[in-house]
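Heads up: the structure comes next, in structure tokens.
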Amino acid sequence: MGTITFRPDRETEQALERLTADGRSASAAIREALLLAAKVQQAEALRQEALALAADPDDVAEARAVLADLEPLRAW
């Protein structure tokens with residue numbers, strides 16, 4: 001991928017100033033922020049999926065059935 005240009009607003013400029021206060025380049029700070037945003041987005045998607053599964057009566061019933069089947073195999 002090549003160069004990306006964006007027009008920051010005042011809030012974004014202030015955030016970039018904070019992220020580069022340690023001497024890090026704007027490019028490095030933006031790359032790190034994008035990677036972090038992608039991880040946060042992925043974590044939220046997984047959270048939403050887990051909530052949906054936890055609310056699915058068929059899935060909950062299946063999980064309980066599996067746990068009941070495994071109960072005799074517990075070591076203690």
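By convention here, the chains of the structure tokens are called A, B, ... in the order presented, each chain's residues are numbered starting at 1, and ligands are numbered starting at 1 in the order presented.
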
TODO: Would you mind writing down, as a ChimeraX atom specification, each residue of chain A that DSSP on the backbone assigns to alpha helix (DSSP H)?
DONE: /A:10-19,26-54,57-70

Task: Separation of atom CA of Leu36 of chain A from atom CA of Ala55 of chain A, in Å and rounded to one decimal - done: 28.6 Å

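Atom CA of Pro72 of chain A is positioned 29.2 Å from atom CA of Ala52 of chain A.
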
- [ ] Would you mind listing what lies within 12 Å of Leu19 of chain A as a ChimeraX atom specification, with only C-alpha atoms counted and same-chain residues fewer than 3 positions away left out?
- [x] /A:12-16,22-33
